[in-house]
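What's in start-v8.cif: mmCIF, C-alpha atoms
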data_protein
#
loop_
_atom_site.label_atom_id
_atom_site.label_comp_id
_atom_site.auth_asym_id
_atom_site.auth_seq_id
_atom_site.Cartn_x
_atom_site.Cartn_y
_atom_site.Cartn_z
CA MET A 13 -7.24 14.82 -10.79
CA MET A 14 -9.05 12.67 -8.25
CA PRO A 15 -8.15 13.26 -4.59
CA SER A 16 -7.57 10.25 -2.40
CA HIS A 17 -8.45 11.96 0.88
CA ALA A 18 -5.76 9.97 2.63
CA ILE A 19 -4.57 11.01 6.06
CA ALA A 20 -1.09 10.23 7.31
CA GLY A 21 -1.11 7.75 10.17
CA GLU A 22 0.89 7.41 13.33
CA GLU A 23 3.62 4.82 13.08
CA THR A 24 3.73 1.85 15.41
CA GLY A 25 6.44 -0.67 16.06
CA GLY A 26 6.03 -4.31 15.13
CA ASP A 27 7.99 -7.51 14.95
CA PRO A 28 8.56 -10.01 12.12
CA GLU A 29 5.59 -12.09 13.31
CA HIS A 30 3.35 -9.02 13.11
CA LEU A 31 4.67 -8.40 9.61
CA THR A 32 3.81 -11.99 8.68
CA GLN A 33 0.26 -11.57 9.91
CA THR A 34 -0.07 -8.28 8.03
CA ALA A 35 1.26 -9.69 4.79
CA ARG A 36 -1.10 -12.65 4.84
CA HIS A 37 -3.91 -10.19 4.22
CA GLN A 38 -2.20 -8.26 1.42
CA ALA A 39 -2.69 -10.48 -1.63
CA GLN A 40 -6.39 -11.23 -1.20
CA VAL A 41 -7.03 -10.92 -4.93
CA ASP A 42 -5.46 -13.05 -7.65
CA PRO A 43 -5.61 -10.87 -10.77
CA LEU A 44 -4.51 -13.82 -12.92
CA ALA A 45 -7.02 -16.34 -11.54
CA ALA A 46 -8.96 -16.59 -14.80
CA LEU A 47 -5.77 -17.21 -16.78
CA ARG A 48 -4.10 -19.86 -14.65
CA ALA A 49 -3.88 -23.34 -16.15
CA PRO A 50 -1.92 -26.58 -15.64
CA GLY A 51 1.57 -26.28 -17.05
CA ASP A 52 1.90 -22.57 -16.31
CA PRO A 53 5.28 -21.34 -15.06
CA PRO A 54 5.53 -21.64 -11.28
CA TRP A 55 6.21 -17.91 -10.90
CA ASP A 56 4.48 -14.88 -12.30
CA VAL A 57 7.46 -12.54 -11.96
CA TYR A 58 11.20 -13.02 -11.48
CA LEU A 59 13.52 -10.33 -10.10
CA THR A 60 17.17 -9.98 -9.25
CA GLY A 61 19.12 -7.17 -7.64
CA THR A 62 20.46 -5.83 -4.36
CA VAL A 63 18.47 -5.94 -1.12
CA PHE A 64 19.19 -3.13 1.34
CA LEU A 65 18.08 -2.73 4.91
CA ASP A 66 16.18 0.56 4.85
CA ILE A 67 16.03 2.62 8.04
CA VAL A 68 13.56 5.45 7.57
CA PHE A 69 13.34 8.48 9.88
CA THR A 70 10.00 10.27 9.68
CA GLY A 71 8.32 13.22 11.28
CA LEU A 72 11.07 15.69 10.40
CA ASP A 73 9.74 19.18 9.85
CA THR A 74 12.73 20.29 7.79
CA ALA A 75 15.97 18.97 6.40
CA PRO A 76 18.69 18.37 8.98
CA VAL A 77 20.79 21.47 9.59
CA ARG A 78 24.56 21.23 9.59
CA GLY A 79 26.08 21.28 13.04
CA THR A 80 22.82 20.51 14.85
CA GLU A 81 21.05 17.39 16.11
CA SER A 82 17.60 16.63 14.75
CA TRP A 83 15.05 14.36 16.41
CA ALA A 84 12.60 12.39 14.28
CA ARG A 85 9.13 11.61 15.60
CA GLY A 86 9.08 8.18 13.96
CA MET A 87 11.35 5.47 12.64
CA GLY A 88 10.84 2.24 10.75
CA SER A 89 12.95 -0.50 9.21
CA SER A 90 12.20 -2.69 6.21
CA PRO A 91 13.86 -4.47 3.30
CA GLY A 92 14.67 -2.02 0.51
CA GLY A 93 16.35 -1.91 -2.89
CA VAL A 94 14.95 -4.60 -5.18
CA ALA A 95 12.77 -5.70 -2.24
CA ASN A 96 10.55 -2.67 -2.89
CA MET A 97 9.56 -4.08 -6.27
CA ALA A 98 9.26 -7.64 -4.99
CA ALA A 99 6.93 -6.63 -2.15
CA ALA A 100 4.80 -4.48 -4.46
CA LEU A 101 4.33 -7.39 -6.88
CA ALA A 102 3.56 -9.90 -4.14
CA ARG A 103 0.97 -7.64 -2.51
CA LEU A 104 -0.82 -7.31 -5.84
CA GLY A 105 -1.21 -11.07 -5.92
CA LEU A 106 1.62 -12.08 -8.25
CA ARG A 107 3.73 -15.12 -7.41
CA THR A 108 7.15 -13.54 -7.11
CA SER A 109 10.64 -15.07 -7.12
CA LEU A 110 13.74 -13.08 -6.14
CA ALA A 111 17.46 -13.79 -6.64
CA ALA A 112 19.60 -11.66 -4.34
CA ALA A 113 22.59 -11.83 -2.04
CA PHE A 114 21.86 -11.52 1.69
CA GLY A 115 24.39 -10.77 4.41
CA ASP A 116 24.82 -13.29 7.20
CA ASP A 117 24.29 -10.57 9.81
CA HIS A 118 21.09 -9.82 11.74
CA TYR A 119 20.07 -7.31 9.08
CA GLY A 120 20.26 -10.00 6.40
CA GLU A 121 18.30 -12.46 8.53
CA TYR A 122 15.63 -9.84 9.14
CA CYS A 123 15.29 -8.98 5.45
CA TRP A 124 15.15 -12.65 4.45
CA ASP A 125 12.47 -13.38 7.03
CA ALA A 126 10.42 -10.31 6.13
CA LEU A 127 10.40 -11.20 2.43
CA ALA A 128 10.02 -14.97 2.66
CA ARG A 129 7.61 -15.32 5.57
CA GLY A 130 6.13 -11.86 5.64
CA GLU A 131 5.49 -11.34 1.93
CA GLY A 132 5.50 -14.92 0.63
CA ILE A 133 8.30 -14.22 -1.86
CA ASP A 134 10.27 -17.19 -3.19
CA LEU A 135 13.94 -16.85 -2.27
CA THR A 136 15.09 -20.20 -3.67
CA PRO A 137 17.44 -18.46 -6.19
CA SER A 138 18.86 -16.22 -3.44
CA ARG A 139 21.87 -16.92 -1.24
CA THR A 140 23.39 -15.90 2.07
CA VAL A 141 26.98 -14.70 1.77
CA PRO A 142 29.20 -15.62 4.74
CA GLY A 143 31.15 -12.71 6.16
CA TRP A 144 29.34 -10.08 4.11
CA HIS A 145 27.26 -7.43 5.86
CA SER A 146 24.00 -6.20 4.46
CA PRO A 147 23.95 -2.90 2.55
CA VAL A 148 22.14 -0.23 4.57
CA THR A 149 20.28 2.91 3.52
CA VAL A 150 19.18 5.58 5.97
CA SER A 151 16.36 7.70 4.56
CA MET A 152 15.09 10.95 6.04
CA ALA A 153 11.64 12.01 4.87
CA TYR A 154 10.48 15.61 5.12
CA GLU A 155 8.32 18.02 3.12
CA GLY A 156 7.38 15.25 0.69
CA GLU A 157 11.03 14.72 -0.23
CA ARG A 158 13.76 12.40 0.98
CA THR A 159 17.46 12.43 1.67
CA MET A 160 19.31 9.12 1.68
CA ILE A 161 22.70 7.88 2.85
CA SER A 162 23.79 4.37 1.88
CA HIS A 163 26.67 2.12 2.85
CA GLY A 164 27.70 -1.31 1.64
CA HIS A 165 30.48 -3.45 0.23
CA GLU A 166 30.52 -5.33 -3.05
CA PRO A 167 29.40 -8.93 -2.56
CA PRO A 168 31.67 -11.76 -3.77
CA PRO A 169 31.98 -11.85 -7.57
CA GLU A 170 29.47 -14.67 -8.03
CA GLU A 171 26.50 -13.29 -9.93
CA PRO A 172 23.36 -13.43 -7.74
CA ALA A 173 21.22 -14.07 -10.81
CA PRO A 174 21.35 -17.76 -11.76
CA ASP A 175 22.53 -18.73 -15.24
CA CYS A 176 19.08 -20.17 -15.91
CA PRO A 177 16.42 -18.03 -14.20
CA PRO A 178 13.37 -19.93 -12.92
CA PRO A 179 10.48 -20.14 -15.40
CA ALA A 180 8.22 -17.12 -15.01
CA ARG A 181 5.55 -15.29 -16.96
CA ALA A 182 7.49 -12.03 -16.64
CA ALA A 183 10.67 -10.53 -15.27
CA VAL A 184 11.56 -6.97 -14.29
CA ALA A 185 15.06 -5.80 -15.18
CA SER A 186 16.95 -2.61 -14.43
CA LEU A 187 19.07 -1.88 -17.50
CA THR A 188 22.64 -0.63 -17.12
CA PRO A 189 24.10 1.50 -19.95
CA GLY A 190 26.95 -0.27 -21.72
CA ARG A 191 26.46 -3.60 -19.99
CA ARG A 192 24.43 -6.70 -20.76
CA ALA A 193 22.90 -8.96 -18.13
CA PRO A 194 23.06 -12.50 -19.58
CA TRP A 195 20.02 -13.69 -17.65
CA ILE A 196 17.74 -11.29 -19.56
CA ALA A 197 18.39 -12.92 -22.94
CA GLN A 198 18.14 -16.36 -21.35
CA ALA A 199 14.77 -15.58 -19.77
CA ALA A 200 13.43 -14.04 -22.99
CA ARG A 201 14.40 -17.16 -24.95
CA GLU A 202 12.36 -19.21 -22.49
CA GLY A 203 9.27 -17.08 -23.17
CA THR A 204 9.49 -14.74 -20.17
CA ARG A 205 8.16 -11.25 -20.90
CA ILE A 206 10.75 -8.65 -19.87
CA PHE A 207 9.77 -5.28 -18.39
CA ALA A 208 12.63 -2.82 -17.98
CA ASP A 209 13.39 0.43 -16.26
CA VAL A 210 16.65 2.35 -16.18
CA GLY A 211 18.56 4.62 -13.84
CA TRP A 212 20.30 7.92 -14.52
CA ASP A 213 23.11 7.64 -17.08
CA ASP A 214 26.13 8.94 -15.18
CA THR A 215 28.24 8.72 -18.33
CA GLY A 216 26.13 11.42 -19.98
CA ALA A 217 26.03 9.44 -23.24
CA TRP A 218 22.28 8.73 -23.22
CA ASP A 219 22.74 6.29 -26.10
CA LEU A 220 19.94 3.80 -26.65
CA ALA A 221 22.42 1.50 -28.35
CA GLY A 222 24.11 1.20 -24.97
CA LEU A 223 20.95 -0.40 -23.57
CA ALA A 224 21.68 -3.59 -25.46
CA ASP A 225 19.20 -5.74 -23.53
CA LEU A 226 16.33 -3.51 -24.64
CA GLU A 227 16.04 -5.77 -27.69
CA HIS A 228 14.76 -8.55 -25.41
CA CYS A 229 12.18 -6.38 -23.64
CA GLU A 230 8.44 -6.12 -24.11
CA ALA A 231 8.08 -2.83 -22.25
CA PHE A 232 10.37 0.03 -21.22
CA LEU A 233 9.32 2.39 -18.41
CA PRO A 234 11.63 5.45 -18.05
CA ASN A 235 10.67 8.78 -16.55
CA ALA A 236 10.12 11.81 -18.76
CA GLU A 237 13.65 13.21 -18.40
CA GLU A 238 15.26 9.86 -19.18
CA ALA A 239 12.97 9.26 -22.16
CA MET A 240 13.67 12.66 -23.69
CA ARG A 241 17.42 12.36 -23.22
CA TYR A 242 17.56 8.90 -24.76
CA THR A 243 15.51 9.93 -27.79
CA GLY A 244 16.63 13.54 -28.19
CA SER A 245 12.99 14.64 -28.00
CA ASP A 246 11.79 17.82 -26.36
CA CYS A 247 8.39 16.33 -25.46
CA PRO A 248 7.73 13.25 -23.28
CA LYS A 249 4.93 12.00 -25.53
CA ALA A 250 7.09 12.28 -28.62
CA ALA A 251 9.80 10.43 -26.73
CA ALA A 252 7.39 7.60 -25.94
CA HIS A 253 6.52 7.19 -29.62
CA ALA A 254 10.21 7.28 -30.56
CA LEU A 255 11.00 4.55 -28.03
CA THR A 256 8.55 2.18 -29.70
CA GLU A 257 11.03 1.91 -32.56
CA HIS A 258 13.15 -0.08 -30.08
CA VAL A 259 10.61 -1.79 -27.81
CA PRO A 260 6.94 -2.75 -28.35
CA VAL A 261 5.52 -0.83 -25.37
CA ALA A 262 6.87 2.47 -24.02
CA VAL A 263 5.57 3.96 -20.77
CA VAL A 264 6.80 7.41 -19.75
CA THR A 265 6.05 8.65 -16.25
CA LEU A 266 5.31 12.36 -16.05
CA GLY A 267 5.54 13.00 -12.32
CA ALA A 268 2.66 15.13 -11.08
CA GLU A 269 1.10 15.03 -14.55
CA GLY A 270 0.58 11.25 -14.59
CA ALA A 271 1.88 8.92 -17.29
CA TYR A 272 1.67 8.30 -21.04
CA ALA A 273 2.03 4.98 -22.85
CA VAL A 274 2.19 3.69 -26.43
CA ASP A 275 1.76 0.11 -27.64
CA ARG A 276 3.28 -0.29 -31.09
CA ARG A 277 1.66 -3.68 -31.74
CA THR A 278 -1.95 -2.67 -31.05
CA GLY A 279 -1.69 1.02 -31.92
CA GLU A 280 -3.06 1.93 -28.49
CA THR A 281 -2.04 5.10 -26.70
CA ALA A 282 -3.12 6.04 -23.21
CA GLU A 283 -2.70 8.98 -20.88
CA VAL A 284 -3.78 8.90 -17.25
CA PRO A 285 -3.51 11.96 -14.99
CA ALA A 286 -1.89 11.67 -11.59
CA ILE A 287 -4.06 11.25 -8.52
CA ALA A 288 -3.73 14.21 -6.16
CA VAL A 289 -2.40 13.02 -2.82
CA GLU A 290 -0.59 14.34 0.22
CA ALA A 291 2.85 12.88 -0.46
CA LEU A 292 4.82 11.93 2.64
CA ASP A 293 7.64 9.84 1.17
CA PRO A 294 8.25 9.03 -2.52
CA THR A 295 10.61 6.11 -1.72
CA GLY A 296 9.74 3.13 -3.91
CA ALA A 297 6.94 4.85 -5.83
CA GLY A 298 8.58 4.09 -9.17
CA ASP A 299 8.87 0.42 -8.24
CA VAL A 300 5.22 0.31 -7.23
CA PHE A 301 4.23 1.94 -10.53
CA VAL A 302 6.08 -0.75 -12.49
CA ALA A 303 4.50 -3.48 -10.36
CA GLY A 304 1.03 -2.16 -11.13
CA PHE A 305 1.73 -2.00 -14.84
CA VAL A 306 3.17 -5.52 -14.90
CA THR A 307 0.11 -6.82 -13.03
CA GLY A 308 -2.34 -5.29 -15.49
CA THR A 309 -0.32 -6.47 -18.46
CA LEU A 310 -0.16 -10.08 -17.30
CA ALA A 311 -3.90 -9.93 -16.62
CA GLY A 312 -4.48 -8.87 -20.24
CA TRP A 313 -6.05 -5.49 -19.51
CA PRO A 314 -6.33 -2.61 -22.00
CA LEU A 315 -3.39 -0.21 -21.95
CA ALA A 316 -5.34 2.58 -20.23
CA ASP A 317 -6.42 0.30 -17.37
CA ARG A 318 -2.86 -0.93 -16.87
CA LEU A 319 -1.66 2.66 -16.70
CA ALA A 320 -4.45 3.62 -14.30
CA LEU A 321 -3.63 0.81 -11.86
CA ALA A 322 0.06 1.69 -12.00
CA GLY A 323 -0.63 5.33 -11.22
CA LEU A 324 -3.10 4.51 -8.47
CA THR A 325 -0.79 2.12 -6.64
CA ALA A 326 2.09 4.60 -6.88
CA ALA A 327 -0.12 7.37 -5.50
CA LEU A 328 -1.23 5.23 -2.56
CA SER A 329 2.36 4.33 -1.80
CA VAL A 330 3.62 7.89 -1.38
CA GLN A 331 1.11 8.49 1.40
CA GLU A 332 3.03 6.07 3.64
CA PHE A 333 6.65 6.06 4.77
CA GLY A 334 9.25 3.63 3.48
CA GLY A 335 9.71 1.62 0.29
CA SER A 336 8.49 -1.96 0.67
CA LEU A 337 6.39 -0.89 3.67
CA SER A 338 4.33 1.52 1.60
CA ALA A 339 3.46 -0.78 -1.32
CA PRO A 340 -0.35 -1.10 -1.30
CA GLY A 341 -2.26 -4.37 -1.35
CA TRP A 342 -5.80 -4.96 -2.54
CA SER A 343 -7.20 -3.96 0.84
CA GLU A 344 -5.76 -0.47 0.39
CA ILE A 345 -6.94 -0.30 -3.20
CA GLY A 346 -10.43 -1.46 -2.21
CA ALA A 347 -10.67 0.99 0.68
CA TRP A 348 -9.59 3.86 -1.58
CA TRP A 349 -12.09 2.90 -4.29
CA ARG A 350 -15.04 2.70 -1.89
CA ARG A 351 -14.03 5.96 -0.24
CA VAL A 352 -13.81 8.05 -3.41
CA GLN A 353 -17.13 6.64 -4.68
CA SER A 354 -18.82 7.83 -1.48
CA LEU A 355 -17.85 11.48 -1.99
CA ASP A 356 -20.42 13.70 -3.67
CA THR A 357 -17.72 16.02 -4.99
CA GLN A 358 -16.10 13.40 -7.23
CA ASN A 359 -16.10 13.92 -10.98
CA PRO A 360 -18.19 11.08 -12.53
CA ALA A 361 -15.89 10.91 -15.56
CA ALA A 362 -12.87 10.50 -13.29
CA LEU A 363 -14.61 7.72 -11.38
CA ARG A 364 -15.40 5.86 -14.60
CA ARG A 365 -11.67 5.71 -15.35
CA TYR A 366 -11.33 3.32 -12.38
CA ALA A 367 -14.53 1.31 -12.87
CA PHE A 368 -12.42 -1.68 -13.93
CA LEU A 369 -11.70 -2.16 -10.21
CA ASP A 370 -15.31 -3.13 -9.42
CA PRO A 371 -15.16 -6.82 -10.43
CA LEU A 372 -11.72 -7.22 -8.87
CA ILE A 373 -12.42 -6.21 -5.28
CA PRO A 374 -14.56 -8.61 -3.20
CA ALA A 375 -16.98 -7.18 -0.68
CA HIS A 376 -15.09 -8.79 2.22
CA LEU A 377 -12.20 -6.41 1.58
CA ASP A 378 -14.29 -3.57 2.97
CA ARG A 379 -12.02 -1.93 5.54
CA PRO A 380 -12.08 1.55 7.12
CA TRP A 381 -10.24 4.42 5.48
CA PRO A 382 -7.57 5.60 6.10
CA LEU A 383 -5.69 2.37 6.73
CA ARG A 384 -2.86 1.81 9.19
CA ARG A 385 0.01 -0.59 8.63
CA ALA A 386 2.42 -1.35 11.44
CA VAL A 387 6.00 -0.37 10.71
CA PRO A 388 8.28 -3.28 11.63
CA THR A 389 11.59 -2.57 13.27
CA ILE A 390 14.34 -4.99 14.16
CA GLY A 391 14.55 -3.29 17.55
CA PHE A 392 11.60 -5.35 18.84
CA GLY A 393 11.89 -8.99 19.82
CA ARG A 394 9.42 -11.58 18.61
CA ASN A 395 7.55 -11.52 21.93
CA ALA A 396 7.55 -7.75 22.38
#

The structure in this file should be written as structure tokens.
Amino acid sequence: MMPSHAIAGEETGGDPEHLTQTARHQAQVDPLAALRAPGDPPWDVYLTGTVFLDIVFTGLDTAPVRGTESWARGMGSSPGGVANMAAALARLGLRTSLAAAFGDDHYGEYCWDALARGEGIDLTPSRTVPGWHSPVTVSMAYEGERTMISHGHEPPPEEPAPDCPPPARAAVASLTPGRRAPWIAQAAREGTRIFADVGWDDTGAWDLAGLADLEHCEAFLPNAEEAMRYTGSDCPKAAAHALTEHVPVAVVTLGAEGAYAVDRRTGETAEVPAIAVEALDPTGAGDVFVAGFVTGTLAGWPLADRLALAGLTAALSVQEFGGSLSAPGWSEIGAWWRRVQSLDTQNPAALRRYAFLDPLIPAHLDRPWPLRRAVPTIGFGRNA
């Protein structure tokens, strides 16, 4: 495994304007530049889901102890939930459109501003719901793990996803056992390539037939435990092959062991080991992994390169606190790549696995390593 030699940075406060300035420098590479042509869909990726306000407490040495008060050395706020995926895609240079409900409170205004102005995400399909407060998640990060507490109310019954999703090259869907999402079939009929993940099946059924929208998907990206339960396999790799009976591409994440993927149409298989990092907060790492894989797929890369980018971006993300805050852009990727190439101790074979990055990263993205990104918090005014 290739070490990243990342060092955790001190958090700083920022305001929405600072976030805007930061985000303008994220997507400095267009991975689809060579493929763009007149008549293309206006958006590369479409998403829908729930946006949370994430409040992240950092610098905790241990888990909070019952009956005591714990002080955190740092705190940050950012859009969370589906915003983690949207930010990760946008920072990798994909034109991203999001349909979500936003509260009409200050939290909702902050999240809308951070995503629209800060990340350049299209919120045309989204809406503000009068009288509805934004869902909130408080996350406490310690010892490379996290504990989360969430609160929110169901939004009005109107579906945040429009009946006819905007034209897009791809869409990312989170499948729900036993329930169809009509927009998925609609988007697939219009030629949108659907990438799907899935959460834990609380029913305990683990029945692939219950994931009815899987028939519309190009790729399915569960973790190893989910893949084995859905297929009845006792091996993640066997589970990946079994899943290709239901979907063309199966990607199974293996945690600290990396990821494994199978493409039924081309016959490709790929396995990429995890990059060894000092993990501070795993929030959003799965979303970042999917964003990296979608990016490489839309760019037409070989399966192994897609898997390598996905694993790399996820590894970089866990070295920072927060979900959408930690999603790396091309500056982070470029800084990491130049840093690991400069170390005499690196395994040449491991370096060759990431040589596909060379033509992607312009010289002007040369920035010092480790990087620092300001952590925005709604506690600061615009002129603070």

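The coordinates place atom CA of A:Ala84 at 5.3 Å from atom CA of A:Gly71.
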
Checklist entry - Applied to the shown file, which residues does the PyMOL selection byres ((chain A and resi 66) around 7) return, written as a ChimeraX atom specification? => result /A:64-65,67-68,89-92,148-150

Using all atoms listed in the file, what table do you get, as CSV, when you list each residue of stretch 299-328 of chain A with an atom no more than 10 Å from stretch 231-249 of chain A, its nearest pair of atoms, and their distance in Å rounded to one decimal, rows by chain then rising number?
residue,atom,partner,partner_atom,distance
A:Phe301,CA,A:Leu233,CA,9.4
A:Val302,CA,A:Leu233,CA,7.4
A:Phe305,CA,A:Leu233,CA,9.5
A:Val306,CA,A:Ala231,CA,9.2
A:Thr309,CA,A:Ala231,CA,9.9

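Of the residues under consideration (A:Pro142, A:Met97, A:Asp225, A:Gly211), A:Met97 shows the shortest atom-to-atom contact distance to A:Ala297 when counting only C-alpha atoms.
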
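For the pair atom CA of A:Leu310 and atom CA of A:Leu44, the separation is 7.2 Å.
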
Would you kindly translate the PyMOL selection byres ((chain A and resi 339) around 7) into the concrete residues it picks from this file, as a PDB file with C-alpha atoms, in the coordinates of the input?
ATOM      1  CA  ALA A  99       6.930  -6.630  -2.150  1.00  0.00           C
ATOM      2  CA  ALA A 100       4.800  -4.480  -4.460  1.00  0.00           C
ATOM      3  CA  VAL A 300       5.220   0.310  -7.230  1.00  0.00           C
ATOM      4  CA  SER A 329       2.360   4.330  -1.800  1.00  0.00           C
ATOM      5  CA  GLY A 335       9.710   1.620   0.290  1.00  0.00           C
ATOM      6  CA  SER A 336       8.490  -1.960   0.670  1.00  0.00           C
ATOM      7  CA  LEU A 337       6.390  -0.890   3.670  1.00  0.00           C
ATOM      8  CA  SER A 338       4.330   1.520   1.600  1.00  0.00           C
ATOM      9  CA  PRO A 340      -0.350  -1.100  -1.300  1.00  0.00           C
ATOM     10  CA  GLY A 341      -2.260  -4.370  -1.350  1.00  0.00           C
TER      11      GLY A 341
END

Checklist entry - So, counting only C-alpha atoms, which residue among A:Leu72, A:Ala126, A:Ala102, A:Val289 is closest to A:Gln40? => result A:Ala102

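Atom CA of A:Phe114 sits 8.4 Å away from atom CA of A:Thr62.
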
Checklist entry - Can you list, as a ChimeraX atom specification, the residues that the PyMOL selection byres ((chain A and resi 271-288) around 8) selects here? => result /A:13-16,249,252-253,256,260-270,289-290,315-316,319-320,323-324,327

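When all atoms listed in the file are used to compute distances to A:Arg181, the closest of the residues A:Glu155, A:Glu81, A:Glu230, A:Asp293 turns out to be A:Glu230.
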
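Residue nearest A:Glu157 within the list A:Val330, A:Val259, A:Ala367, A:Ala182: A:Val330 [criterion: smallest interatomic distance, only C-alpha atoms].
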
List every protein, DNA or RNA residue with an atom no more than 7 Å from (-10.1, -2.2, -16.7) in the file's coordinates, counting all atoms listed in the file, and format the result as a compact mmCIF listing (two decimals) with C-alpha atoms, in the frame of the given file.
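Result file point-v1.txt:
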# COMPACT_ATOMS: atom_id res chain seq x y z
CA TRP A 313 -6.05 -5.49 -19.51
CA PRO A 314 -6.33 -2.61 -22.00
CA ASP A 317 -6.42 0.30 -17.37
CA ALA A 367 -14.53 1.31 -12.87
CA PHE A 368 -12.42 -1.68 -13.93
CA LEU A 369 -11.70 -2.16 -10.21
